[in-house]
$ cat coords_11.csv   # CSV, C-alpha atoms
chain,number,residue,atom,x,y,z
A,17,MET,CA,128.8,-162.5,-31.8
A,18,ASN,CA,130.2,-159.8,-34.1
A,19,THR,CA,133.9,-159.2,-34.8
A,20,LEU,CA,134.2,-156.4,-32.2
A,21,GLU,CA,132.6,-158.6,-29.5
A,22,MET,CA,135.0,-161.5,-30.4
A,23,GLN,CA,138.0,-159.2,-30.1
A,24,ASP,CA,136.8,-157.9,-26.7
A,25,TYR,CA,136.2,-161.5,-25.5
A,26,ALA,CA,139.6,-162.6,-26.7
A,27,LEU,CA,141.4,-159.7,-25.0
A,28,LYS,CA,139.6,-160.2,-21.7
A,29,HIS,CA,140.1,-164.0,-21.5
A,30,MET,CA,143.6,-164.4,-23.0
A,31,THR,CA,146.2,-166.3,-20.8
A,32,GLY,CA,148.7,-164.1,-19.0
A,33,ASN,CA,148.2,-160.5,-18.0
A,34,LEU,CA,147.2,-157.8,-20.4
A,35,TYR,CA,146.7,-154.1,-19.5
A,36,TRP,CA,146.9,-150.6,-20.9
A,37,LYS,CA,147.6,-147.3,-19.2
A,38,GLY,CA,147.6,-143.6,-19.9
A,39,LEU,CA,150.5,-141.1,-19.6
A,40,ASP,CA,149.7,-140.6,-15.9
A,41,GLY,CA,150.1,-144.2,-15.1
A,42,ARG,CA,146.4,-144.9,-14.6
A,43,TYR,CA,144.8,-147.9,-16.1
A,44,PHE,CA,142.5,-147.7,-19.1
A,45,GLY,CA,141.7,-151.4,-19.1
A,46,CYS,CA,142.9,-155.0,-18.7
A,47,ASN,CA,142.0,-158.6,-19.3
A,48,GLU,CA,140.1,-160.7,-16.7
A,49,VAL,CA,143.3,-162.4,-15.5
A,50,PHE,CA,145.0,-159.2,-14.5
A,51,ALA,CA,141.7,-157.9,-13.0
A,52,LYS,CA,141.6,-160.9,-10.6
A,53,ILE,CA,145.3,-160.4,-9.7
A,54,SER,CA,144.5,-156.8,-8.9
A,55,GLY,CA,141.6,-157.9,-6.6
A,56,PHE,CA,138.7,-157.1,-8.9
A,57,SER,CA,135.9,-159.3,-10.3
A,58,SER,CA,135.6,-157.3,-13.5
A,59,SER,CA,138.2,-155.6,-15.7
A,60,SER,CA,136.1,-152.4,-15.8
A,61,ASP,CA,136.8,-151.9,-12.1
A,62,ILE,CA,140.5,-151.2,-12.7
A,63,ILE,CA,139.8,-148.1,-14.9
A,64,GLY,CA,141.4,-145.0,-13.3
A,65,LYS,CA,143.5,-146.9,-10.8
A,66,SER,CA,147.3,-146.7,-10.5
A,67,ASP,CA,149.9,-149.3,-9.5
A,68,ARG,CA,150.1,-147.6,-6.1
A,69,ASP,CA,146.3,-148.0,-5.6
A,70,LEU,CA,146.6,-151.7,-6.5
A,71,PHE,CA,149.8,-153.0,-5.1
A,72,ILE,CA,151.4,-150.7,-2.5
A,73,ASP,CA,150.5,-153.1,0.3
A,74,LYS,CA,152.4,-156.0,-1.4
A,75,LEU,CA,155.2,-154.3,-3.2
A,76,GLY,CA,156.0,-151.3,-1.0
A,77,GLU,CA,157.4,-148.0,-2.0
A,78,VAL,CA,160.5,-149.5,-3.6
A,79,GLY,CA,158.5,-151.9,-5.8
A,80,ILE,CA,156.0,-149.3,-6.9
A,81,ALA,CA,158.9,-146.9,-7.7
A,82,LYS,CA,160.5,-149.5,-9.9
A,83,LEU,CA,157.3,-150.1,-11.9
A,84,VAL,CA,156.8,-146.4,-12.4
A,85,GLU,CA,160.5,-146.0,-13.5
A,86,ILE,CA,160.1,-148.7,-16.2
A,87,ASP,CA,156.8,-147.2,-17.5
A,88,ASN,CA,158.3,-143.8,-17.7
A,89,SER,CA,161.3,-145.2,-19.6
A,90,VAL,CA,159.0,-146.7,-22.2
A,91,LEU,CA,156.9,-143.5,-22.5
A,92,GLN,CA,159.9,-141.2,-22.8
A,93,GLN,CA,162.0,-143.3,-25.1
A,94,GLY,CA,159.1,-144.6,-27.2
A,95,LEU,CA,160.7,-148.0,-27.3
A,96,GLU,CA,159.4,-151.5,-26.5
A,97,LYS,CA,161.0,-153.1,-23.5
A,98,THR,CA,161.1,-156.8,-22.5
A,99,LEU,CA,162.2,-157.4,-18.9
A,100,GLU,CA,161.6,-159.3,-15.6
A,101,GLU,CA,159.4,-157.6,-13.0
A,102,ILE,CA,158.3,-158.4,-9.5
A,103,GLY,CA,154.5,-158.4,-9.1
A,104,VAL,CA,151.6,-160.2,-7.3
A,105,ASN,CA,149.9,-163.4,-8.3
A,106,GLU,CA,146.2,-164.4,-7.8
A,107,LYS,CA,146.9,-165.6,-4.3
A,108,GLY,CA,148.3,-162.2,-3.4
A,109,GLU,CA,151.9,-163.5,-3.2
A,110,ILE,CA,155.0,-161.9,-4.6
A,111,ALA,CA,155.7,-163.4,-8.1
A,112,TYR,CA,158.1,-162.9,-10.9
A,113,TYR,CA,156.9,-161.9,-14.4
A,114,LEU,CA,158.4,-161.7,-17.8
A,115,THR,CA,156.9,-158.5,-19.2
A,116,ARG,CA,156.8,-156.7,-22.5
A,117,LYS,CA,155.7,-153.0,-22.5
A,118,SER,CA,155.2,-151.0,-25.7
A,119,PRO,CA,154.1,-147.4,-26.2
A,120,ILE,CA,150.6,-146.7,-27.6
A,121,LYS,CA,150.6,-144.0,-30.3
A,122,ASP,CA,147.6,-142.1,-31.8
A,123,SER,CA,147.0,-141.5,-35.5
A,124,SER,CA,149.5,-138.6,-35.5
A,125,GLY,CA,152.3,-140.6,-33.9
A,126,GLU,CA,152.0,-139.1,-30.5
A,127,ILE,CA,152.5,-141.4,-27.5
A,128,VAL,CA,149.3,-141.5,-25.4
A,129,GLY,CA,150.0,-144.5,-23.2
A,130,LEU,CA,151.5,-147.9,-23.0
A,131,ILE,CA,150.3,-151.5,-23.3
A,132,GLY,CA,151.8,-154.3,-21.2
A,133,SER,CA,151.6,-158.1,-21.3
A,134,SER,CA,153.3,-160.5,-18.9
A,135,ILE,CA,153.5,-164.2,-17.9
A,136,ASP,CA,154.3,-165.7,-14.5
A,137,ILE,CA,157.8,-167.1,-14.4
A,138,THR,CA,158.1,-167.7,-10.7
A,139,LYS,CA,158.6,-171.5,-11.1
A,140,GLU,CA,161.3,-170.8,-13.6
A,141,ARG,CA,163.0,-168.4,-11.2
A,142,GLU,CA,162.8,-171.0,-8.4
A,143,ALA,CA,164.4,-173.5,-10.7
A,144,GLU,CA,167.2,-171.0,-11.4
A,145,THR,CA,167.7,-170.5,-7.7
A,146,LEU,CA,168.2,-174.2,-7.2
A,147,GLN,CA,170.6,-174.2,-10.1
A,148,ILE,CA,172.6,-171.4,-8.5
A,149,ASP,CA,172.7,-173.2,-5.2
A,150,PHE,CA,173.8,-176.4,-6.9
A,151,ILE,CA,176.6,-174.6,-8.8
A,152,ARG,CA,177.8,-172.8,-5.7
A,153,LYS,CA,178.0,-176.1,-3.8
A,154,MET,CA,179.9,-177.7,-6.8
A,155,GLU,CA,182.3,-174.7,-6.8
A,156,HIS,CA,183.1,-175.2,-3.1
A,157,ASP,CA,183.3,-179.0,-3.3
A,158,ILE,CA,185.6,-178.9,-6.4
A,159,ARG,CA,187.7,-175.9,-5.4
A,160,THR,CA,188.5,-177.1,-1.9
A,161,PRO,CA,190.5,-180.2,-2.9
A,162,PHE,CA,192.3,-178.4,-5.7
A,163,CYS,CA,193.4,-175.7,-3.2
A,164,GLY,CA,194.4,-178.4,-0.8
A,165,ILE,CA,196.6,-180.1,-3.4
A,166,ALA,CA,198.2,-176.7,-4.3
A,167,GLY,CA,198.9,-175.9,-0.6
A,168,ILE,CA,200.3,-179.3,0.2
A,169,THR,CA,202.4,-179.4,-2.9
A,170,GLU,CA,203.8,-175.9,-2.2
A,171,THR,CA,204.8,-177.1,1.3
A,172,LEU,CA,206.5,-180.2,-0.1
A,173,LEU,CA,208.3,-178.1,-2.7
A,174,ARG,CA,209.9,-175.9,0.0
A,175,ARG,CA,211.1,-179.0,1.9
A,176,GLU,CA,212.3,-181.1,-1.0
A,177,THR,CA,216.0,-180.9,-2.0
A,178,ASP,CA,216.1,-183.6,-4.7
A,179,PRO,CA,216.0,-181.9,-8.1
A,180,GLU,CA,214.1,-184.7,-9.8
A,181,LYS,CA,211.4,-184.9,-7.1
A,182,LYS,CA,211.2,-181.1,-6.9
A,183,SER,CA,210.6,-181.0,-10.7
A,184,LEU,CA,207.8,-183.6,-10.4
A,185,LEU,CA,206.2,-181.7,-7.5
A,186,ASN,CA,206.3,-178.5,-9.5
A,187,ASP,CA,204.5,-180.3,-12.4
A,188,VAL,CA,201.8,-181.4,-9.9
A,189,ALA,CA,201.4,-177.9,-8.5
A,190,LEU,CA,201.0,-176.4,-12.0
A,191,SER,CA,198.6,-179.1,-13.1
A,192,ALA,CA,196.4,-178.5,-10.0
A,193,LYS,CA,196.4,-174.8,-10.7
A,194,GLU,CA,195.4,-175.3,-14.4
A,195,LEU,CA,192.6,-177.6,-13.4
A,196,LEU,CA,191.4,-175.1,-10.9
A,197,ASP,CA,191.5,-172.4,-13.5
A,198,TYR,CA,189.4,-174.5,-15.9
A,199,CYS,CA,187.0,-175.3,-13.2
A,200,ASN,CA,186.6,-171.6,-12.3
A,201,GLN,CA,186.0,-170.7,-15.9
A,202,LEU,CA,183.5,-173.4,-16.8
A,203,LEU,CA,181.5,-173.0,-13.6
A,204,TYR,CA,181.4,-169.3,-14.1
A,205,PHE,CA,179.9,-169.7,-17.6
A,206,SER,CA,177.3,-172.1,-16.2
A,207,ARG,CA,176.5,-169.8,-13.3
A,208,SER,CA,176.2,-166.7,-15.5
A,209,GLN,CA,173.2,-168.3,-17.3
A,210,ALA,CA,171.2,-167.7,-14.1
A,211,SER,CA,171.0,-164.2,-12.8
A,212,ASP,CA,170.9,-163.5,-9.1
A,213,ASP,CA,169.8,-160.0,-8.4
A,214,ALA,CA,170.6,-160.2,-4.7
A,215,GLU,CA,174.3,-160.5,-5.5
A,216,LYS,CA,174.3,-157.3,-7.5
A,217,ASN,CA,173.5,-155.2,-4.4
A,218,ARG,CA,175.6,-157.0,-1.8
A,219,ALA,CA,177.8,-154.9,0.6
A,220,PHE,CA,181.5,-155.8,0.6
A,221,ASN,CA,185.0,-154.6,1.6
A,222,VAL,CA,187.3,-154.1,-1.4
A,223,ARG,CA,190.4,-154.7,0.7
A,224,LYS,CA,189.2,-158.1,1.8
A,225,LEU,CA,188.2,-159.0,-1.7
A,226,ILE,CA,191.7,-158.2,-3.0
A,227,LYS,CA,193.3,-160.2,-0.2
A,228,SER,CA,191.2,-163.2,-1.1
A,229,VAL,CA,192.3,-163.0,-4.7
A,230,MET,CA,195.9,-162.7,-3.6
A,231,ALA,CA,195.6,-165.8,-1.4
A,232,MET,CA,194.2,-167.8,-4.3
A,233,GLU,CA,196.9,-166.7,-6.8
A,234,LEU,CA,199.9,-166.5,-4.6
A,235,PRO,CA,200.9,-170.2,-4.9
A,236,ALA,CA,201.1,-169.9,-8.7
A,237,ALA,CA,203.2,-166.7,-8.5
A,238,LYS,CA,205.6,-168.3,-6.0
A,239,LEU,CA,206.0,-171.4,-8.2
A,240,LYS,CA,207.1,-169.1,-11.1
A,241,LYS,CA,209.2,-167.0,-8.7
A,242,ILE,CA,207.5,-163.7,-9.7
A,243,ASP,CA,206.2,-161.1,-7.2
A,244,LEU,CA,202.5,-160.7,-6.6
A,245,ILE,CA,201.7,-157.1,-5.4
A,246,ALA,CA,198.5,-155.4,-4.5
A,247,GLN,CA,197.6,-151.9,-3.4
A,248,CYS,CA,194.4,-149.7,-3.3
A,249,GLY,CA,193.8,-146.0,-2.8
A,250,SER,CA,193.2,-144.7,0.7
A,251,SER,CA,190.2,-142.6,-0.5
A,252,ILE,CA,188.2,-145.7,-1.6
A,253,PRO,CA,185.0,-146.0,0.5
A,254,LYS,CA,185.3,-148.8,3.1
A,255,ILE,CA,182.0,-150.5,2.3
A,256,LEU,CA,181.0,-150.8,-1.3
A,257,VAL,CA,177.8,-152.1,-2.8
A,258,GLY,CA,177.8,-154.3,-5.9
A,259,ASP,CA,178.4,-157.7,-7.3
A,260,SER,CA,181.5,-158.7,-5.4
A,261,LEU,CA,181.4,-162.3,-6.7
A,262,GLN,CA,181.7,-161.2,-10.3
A,263,ILE,CA,184.4,-158.6,-9.5
A,264,ARG,CA,186.4,-161.3,-7.6
A,265,GLN,CA,186.0,-163.7,-10.6
A,266,MET,CA,187.1,-160.9,-12.9
A,267,LEU,CA,190.3,-160.2,-10.9
A,268,ILE,CA,191.1,-163.9,-10.5
A,269,ASN,CA,190.9,-164.4,-14.2
A,270,LEU,CA,193.1,-161.3,-15.0
A,271,VAL,CA,195.7,-162.2,-12.3
A,272,SER,CA,195.8,-165.9,-13.3
A,273,ASN,CA,196.2,-164.9,-17.0
A,274,ALA,CA,199.0,-162.4,-16.1
A,275,ILE,CA,200.9,-165.0,-14.1
A,276,LYS,CA,200.6,-167.5,-16.9
A,277,PHE,CA,202.2,-165.1,-19.4
A,278,THR,CA,204.9,-163.7,-17.1
A,279,GLU,CA,208.2,-165.5,-16.6
A,280,THR,CA,210.1,-162.8,-14.7
A,281,GLY,CA,209.2,-159.6,-12.8
A,282,TYR,CA,205.8,-159.1,-11.2
A,283,VAL,CA,202.0,-159.0,-11.4
A,284,LYS,CA,200.4,-156.1,-9.6
A,285,ILE,CA,196.7,-155.4,-8.6
A,286,ASP,CA,196.0,-151.7,-8.2
A,287,VAL,CA,192.6,-150.3,-7.3
A,288,GLN,CA,191.9,-146.6,-7.4
A,289,LEU,CA,188.9,-144.2,-7.7
A,290,TYR,CA,188.3,-143.7,-11.4
A,291,SER,CA,187.5,-140.0,-11.0
A,292,PRO,CA,189.2,-138.7,-7.8
A,293,GLN,CA,188.4,-135.2,-8.8
A,294,GLU,CA,184.7,-135.8,-8.4
A,295,LYS,CA,182.9,-133.9,-5.6
A,296,GLU,CA,182.3,-135.8,-2.4
A,297,SER,CA,178.5,-135.5,-2.8
A,298,ASP,CA,178.9,-137.4,-6.1
A,299,LEU,CA,180.6,-140.3,-4.6
A,300,LYS,CA,177.5,-142.1,-3.5
A,301,LYS,CA,177.8,-143.6,-6.9
A,302,CYS,CA,181.6,-144.1,-7.3
A,303,ARG,CA,183.6,-145.7,-10.1
A,304,LEU,CA,186.6,-147.9,-9.3
A,305,MET,CA,189.4,-148.7,-11.7
A,306,PHE,CA,190.8,-152.2,-11.1
A,307,CYS,CA,194.1,-152.5,-12.8
A,308,VAL,CA,196.1,-155.7,-13.3
A,309,GLU,CA,199.7,-155.0,-14.5
A,310,ASP,CA,202.3,-157.6,-15.5
A,311,THR,CA,205.8,-157.7,-16.9
A,312,GLY,CA,205.0,-160.6,-19.2
A,313,ILE,CA,205.1,-161.2,-23.0
A,314,GLY,CA,202.6,-158.5,-24.0
A,315,VAL,CA,200.1,-158.4,-26.8
A,316,SER,CA,200.3,-156.5,-30.1
A,317,LYS,CA,197.6,-154.0,-30.9
A,318,GLU,CA,196.2,-156.0,-33.8
A,319,LYS,CA,195.8,-159.0,-31.5
A,320,GLN,CA,194.3,-157.2,-28.5
A,321,LYS,CA,190.7,-157.4,-30.0
A,322,MET,CA,191.1,-161.1,-30.5
A,323,ILE,CA,191.9,-162.1,-27.0
A,324,THR,CA,188.5,-161.3,-25.6
A,325,LYS,CA,186.8,-163.7,-28.0
A,326,LYS,CA,185.6,-167.0,-26.6
A,327,PHE,CA,187.9,-170.0,-27.0
A,328,VAL,CA,190.6,-167.8,-28.8
A,329,THR,CA,194.2,-168.4,-27.6
A,330,LEU,CA,197.1,-166.5,-29.2
A,331,HIS,CA,199.5,-169.3,-28.2
A,332,GLN,CA,198.3,-172.7,-29.2
A,333,SER,CA,197.7,-175.1,-26.3
A,334,ASN,CA,199.2,-178.1,-28.1
A,335,ARG,CA,202.6,-176.4,-28.1
A,336,GLY,CA,202.6,-176.9,-24.3
A,337,MET,CA,204.0,-173.5,-23.4
A,338,TYR,CA,200.8,-171.6,-22.6
A,339,LYS,CA,197.9,-173.9,-21.8
A,340,GLY,CA,194.3,-172.9,-21.5
A,341,VAL,CA,190.8,-173.2,-22.9
A,342,GLY,CA,190.5,-169.6,-24.1
A,343,LEU,CA,187.8,-168.6,-21.6
A,344,GLY,CA,189.7,-166.3,-19.2
A,345,LEU,CA,189.5,-163.0,-20.9
A,346,PRO,CA,186.1,-163.6,-22.6
A,347,ILE,CA,184.8,-164.1,-19.1
A,348,VAL,CA,186.4,-160.8,-18.0
A,349,LYS,CA,184.7,-159.0,-20.9
A,350,LYS,CA,181.3,-160.6,-20.1
A,351,ILE,CA,181.6,-159.7,-16.4
A,352,ILE,CA,182.4,-156.1,-17.2
A,353,GLN,CA,179.5,-155.9,-19.6
A,354,ASN,CA,177.2,-157.3,-16.9
A,355,LEU,CA,178.4,-154.7,-14.5
A,356,ASP,CA,178.0,-151.8,-17.0
A,357,GLY,CA,181.8,-151.2,-16.9
A,358,GLU,CA,184.5,-150.6,-19.4
A,359,LEU,CA,187.7,-152.5,-20.3
A,360,PHE,CA,190.9,-150.8,-21.4
A,361,ILE,CA,194.0,-152.7,-22.6
A,362,GLU,CA,197.5,-151.3,-22.7
A,363,SER,CA,200.2,-153.7,-24.0
A,364,GLN,CA,203.3,-154.0,-26.1
A,365,PRO,CA,205.0,-157.2,-27.1
A,366,GLY,CA,207.9,-157.9,-24.7
A,367,LYS,CA,207.0,-155.1,-22.4
A,368,GLY,CA,204.0,-156.5,-20.5
A,369,SER,CA,200.4,-155.6,-20.2
A,370,VAL,CA,198.0,-153.5,-18.2
A,371,PHE,CA,194.3,-154.5,-18.1
A,372,LYS,CA,192.1,-151.7,-16.7
A,373,CYS,CA,188.5,-152.4,-15.7
A,374,MET,CA,186.3,-149.5,-14.7
A,375,ILE,CA,183.4,-150.7,-12.6
A,376,PRO,CA,180.5,-148.4,-11.3
A,377,LEU,CA,179.6,-149.2,-7.7
A,378,LYS,CA,177.7,-147.6,-4.8
A,379,HIS,CA,178.7,-147.2,-1.2
A,380,GLN,CA,176.9,-146.9,2.1
A,381,LYS,CA,178.9,-144.3,4.0
A,382,MET,CA,181.7,-141.8,3.3
A,383,GLN,CA,184.2,-143.9,5.2
A,384,ALA,CA,187.6,-144.4,3.7
A,385,LEU,CA,189.8,-147.5,3.8
A,386,GLU,CA,193.1,-147.4,5.6
A,387,PRO,CA,195.8,-147.4,2.9
A,388,CYS,CA,196.2,-150.9,1.4
A,389,ASN,CA,200.0,-151.0,1.3
A,390,MET,CA,200.2,-154.7,0.5
A,391,ASP,CA,203.6,-154.5,-1.2
A,392,VAL,CA,204.6,-158.1,-1.7
A,393,ILE,CA,202.5,-160.6,0.2
$ encode --input "coords_11.csv" --output "structure tokens"
Amino acid sequence: MNTLEMQDYALKHMTGNLYWKGLDGRYFGCNEVFAKISGFSSSSDIIGKSDRDLFIDKLGEVGIAKLVEIDNSVLQQGLEKTLEEIGVNEKGEIAYYLTRKSPIKDSSGEIVGLIGSSIDITKEREAETLQIDFIRKMEHDIRTPFCGIAGITETLLRRETDPEKKSLLNDVALSAKELLDYCNQLLYFSRSQASDDAEKNRAFNVRKLIKSVMAMELPAAKLKKIDLIAQCGSSIPKILVGDSLQIRQMLINLVSNAIKFTETGYVKIDVQLYSPQEKESDLKKCRLMFCVEDTGIGVSKEKQKMITKKFVTLHQSNRGMYKGVGLGLPIVKKIIQNLDGELFIESQPGKGSVFKCMIPLKHQKMQALEPCNMDVI
């Protein structure tokens, strides 16, 4: 066997999928593994076929369109991409693949096609799904007793008249809230290691989301005797599509952080369309601005970049005044990056802060919310 024959043999029989295509998306060749997945006994049978020819019955129009979109991106940008794709395995079942696609260039540097290689990671994805389910169960099982402690303690605080007992109950309530905050932050960092694409395209009602955040944070605001206010624009579409779990986590962290650093005044959530001047036809992809404003201690400009770094706290925990593990705002920054959004901070020492989070979303129908005039709940 000469060198060329050895190379041909190695390409055809290597583990994983290997294939190469032209600019029109039709296959020039592949290894034997990919040929079998495509339903052929020989790699030569795939020449001239497209993804639509091979996989339309299994992946449907949406799946094929996604494959074509990725290929076009590689060809147009001329850059290698590594990503997860949905495909088909040897049994004809839907499978997940870790894929690397690179442009093929001729001797003059012109792009003439692409080459792709992939490995089946379905088992790994199934393990991630089990991890997500486990973490969500933990979240429910841990949060429920903490919320119960906070609610019961708040009731006892309202009834108690003895100053010493009232002070002790106040300490219990604050401790339960701190533990819940730590739990939320640590569980989020664990959960964020495993992506769940289904959550990124879930329909949700922004008003209900805000109310759930208010319900969770209201006890802490009442304990500190500050107002917790929420409002959202009446022009916001009623049903939005996006990762509502991450948006909720982002707001919980921002509001919790604002309450922690506010001794008097208020904390306010305000949600508005980011570009209200956009034409109605453009609003199928709308951008919302989630603002959390407080009348707290504020942050100087030179320290604003520091507060989004993991485990950084501007006020040392061992001084006992502002406790925390330094994960709240780094989590917010991570969420906003995950959602392709932007974070803006406006703050002055002694004059409070405003955290503005622009998040791109989609909506199903041009149906506006009734005004969310939730002044002080």
$ closest_residue --input "coords_11.csv" --among "A:Ile242, A:Ile80, A:Ile135, A:Ile53" --to "Ser66 in chain A" --atoms "only C-alpha atoms"
A:Ile80
$ atom_distance --input "coords_11.csv" --atom1 "CA of Pro253 in chain A" --atom2 "CA of Cys307 in chain A"
17.4 Å
$ closest_residue --input "coords_11.csv" --among "A:Lys117, A:Asn269, A:Gln92, A:Ile102" --to "Val78 in chain A" --atoms "all atoms listed in the file"
A:Ile102
$ closest_residue --input "coords_11.csv" --among "A:Ser118, A:Asn217, A:Gln265, A:Thr280" --to "Leu239 in chain A" --atoms "only C-alpha atoms"
A:Thr280
$ atom_distance --input "coords_11.csv" --atom1 "CA of Leu190 in chain A" --atom2 "CA of Ala166 in chain A"
8.2 Å
$ closest_residue --input "coords_11.csv" --among "A:Tyr282, A:Phe371, A:Phe150, A:Phe44" --to "Leu267 in chain A" --atoms "only C-alpha atoms"
A:Phe371
$ atom_distance --input "coords_11.csv" --atom1 "CA of Val49 in chain A" --atom2 "CA of Lys121 in chain A"
24.7 Å
$ closest_residue --input "coords_11.csv" --among "A:Leu95, A:Ser54, A:Ile62, A:Gly366" --to "Lys107 in chain A" --atoms "all atoms listed in the file"
A:Ser54
$ residues_near_point --input "coords_11.csv" --point "(137.2, -148.8, -17.4)" --cutoff "12 Å" --atoms "all atoms listed in the file" --output "NGL selection string"
:A and (35-38 or 42-47 or 51 or 56 or 58-65)
$ residues_near_point --input "coords_11.csv" --point "(152.1, -163.1, -7.3)" --cutoff "12 Å" --atoms "all atoms listed in the file" --output "ChimeraX atom specification"
/A:33,50,52-55,71,74-75,101-113,134-139
$ write_last_selection --input "coords_11.csv" --atoms "C-alpha atoms" --output "PDB file, in the coordinates of the input"
ATOM      1  CA  ASN A  33     148.200-160.500 -18.000  1.00  0.00           C
ATOM      2  CA  PHE A  50     145.000-159.200 -14.500  1.00  0.00           C
ATOM      3  CA  LYS A  52     141.600-160.900 -10.600  1.00  0.00           C
ATOM      4  CA  ILE A  53     145.300-160.400  -9.700  1.00  0.00           C
ATOM      5  CA  SER A  54     144.500-156.800  -8.900  1.00  0.00           C
ATOM      6  CA  GLY A  55     141.600-157.900  -6.600  1.00  0.00           C
ATOM      7  CA  PHE A  71     149.800-153.000  -5.100  1.00  0.00           C
ATOM      8  CA  LYS A  74     152.400-156.000  -1.400  1.00  0.00           C
ATOM      9  CA  LEU A  75     155.200-154.300  -3.200  1.00  0.00           C
ATOM     10  CA  GLU A 101     159.400-157.600 -13.000  1.00  0.00           C
ATOM     11  CA  ILE A 102     158.300-158.400  -9.500  1.00  0.00           C
ATOM     12  CA  GLY A 103     154.500-158.400  -9.100  1.00  0.00           C
ATOM     13  CA  VAL A 104     151.600-160.200  -7.300  1.00  0.00           C
ATOM     14  CA  ASN A 105     149.900-163.400  -8.300  1.00  0.00           C
ATOM     15  CA  GLU A 106     146.200-164.400  -7.800  1.00  0.00           C
ATOM     16  CA  LYS A 107     146.900-165.600  -4.300  1.00  0.00           C
ATOM     17  CA  GLY A 108     148.300-162.200  -3.400  1.00  0.00           C
ATOM     18  CA  GLU A 109     151.900-163.500  -3.200  1.00  0.00           C
ATOM     19  CA  ILE A 110     155.000-161.900  -4.600  1.00  0.00           C
ATOM     20  CA  ALA A 111     155.700-163.400  -8.100  1.00  0.00           C
ATOM     21  CA  TYR A 112     158.100-162.900 -10.900  1.00  0.00           C
ATOM     22  CA  TYR A 113     156.900-161.900 -14.400  1.00  0.00           C
ATOM     23  CA  SER A 134     153.300-160.500 -18.900  1.00  0.00           C
ATOM     24  CA  ILE A 135     153.500-164.200 -17.900  1.00  0.00           C
ATOM     25  CA  ASP A 136     154.300-165.700 -14.500  1.00  0.00           C
ATOM     26  CA  ILE A 137     157.800-167.100 -14.400  1.00  0.00           C
ATOM     27  CA  THR A 138     158.100-167.700 -10.700  1.00  0.00           C
ATOM     28  CA  LYS A 139     158.600-171.500 -11.100  1.00  0.00           C
TER      29      LYS A 139
END
$ closest_residue --input "coords_11.csv" --among "A:Asn186, A:Asn221, A:Gln288, A:Ser363" --to "Val257 in chain A" --atoms "all atoms listed in the file"
A:Asn221
$ residues_around --input "coords_11.csv" --residues "Thr311 in chain A" --least-positions-apart "4" --cutoff "10 Å" --atoms "all atoms listed in the file" --output "PyMOL selection string"
chain A and resi 242+274-275+277-284+363+366-370
$ build_atoms --input "coords_11.csv" --residues "range 174-185 of chain A" --atoms "N, CA and C atoms" --output "JSON list (two decimals), keeping the file's coordinate frame"
[["chain", "number", "residue", "atom", "x", "y", "z"],
["A", 174, "ARG", "N", 208.92, -176.69, -0.80],
["A", 174, "ARG", "CA", 209.90, -175.90, 0.00],
["A", 174, "ARG", "C", 210.81, -176.88, 0.79],
["A", 175, "ARG", "N", 210.32, -178.06, 1.13],
["A", 175, "ARG", "CA", 211.10, -179.00, 1.90],
["A", 175, "ARG", "C", 212.03, -179.88, 1.05],
["A", 176, "GLU", "N", 211.60, -180.12, -0.19],
["A", 176, "GLU", "CA", 212.30, -181.10, -1.00],
["A", 176, "GLU", "C", 213.62, -180.50, -1.56],
["A", 177, "THR", "N", 214.67, -181.32, -1.52],
["A", 177, "THR", "CA", 216.00, -180.90, -2.00],
["A", 177, "THR", "C", 216.39, -181.68, -3.28],
["A", 178, "ASP", "N", 215.80, -182.84, -3.49],
["A", 178, "ASP", "CA", 216.10, -183.60, -4.70],
["A", 178, "ASP", "C", 215.61, -182.97, -5.93],
["A", 179, "PRO", "N", 216.46, -182.64, -6.89],
["A", 179, "PRO", "CA", 216.00, -181.90, -8.10],
["A", 179, "PRO", "C", 214.93, -182.62, -8.89],
["A", 180, "GLU", "N", 215.05, -183.93, -9.03],
["A", 180, "GLU", "CA", 214.10, -184.70, -9.80],
["A", 180, "GLU", "C", 212.69, -184.64, -9.14],
["A", 181, "LYS", "N", 212.67, -184.90, -7.82],
["A", 181, "LYS", "CA", 211.40, -184.90, -7.10],
["A", 181, "LYS", "C", 210.82, -183.46, -7.07],
["A", 182, "LYS", "N", 211.68, -182.47, -6.96],
["A", 182, "LYS", "CA", 211.20, -181.10, -6.90],
["A", 182, "LYS", "C", 210.57, -180.72, -8.28],
["A", 183, "SER", "N", 211.14, -181.22, -9.36],
["A", 183, "SER", "CA", 210.60, -181.00, -10.70],
["A", 183, "SER", "C", 209.20, -181.63, -10.82],
["A", 184, "LEU", "N", 209.08, -182.86, -10.33],
["A", 184, "LEU", "CA", 207.80, -183.60, -10.40],
["A", 184, "LEU", "C", 206.73, -182.86, -9.56],
["A", 185, "LEU", "N", 207.12, -182.42, -8.36],
["A", 185, "LEU", "CA", 206.20, -181.70, -7.50],
["A", 185, "LEU", "C", 205.74, -180.38, -8.16]]
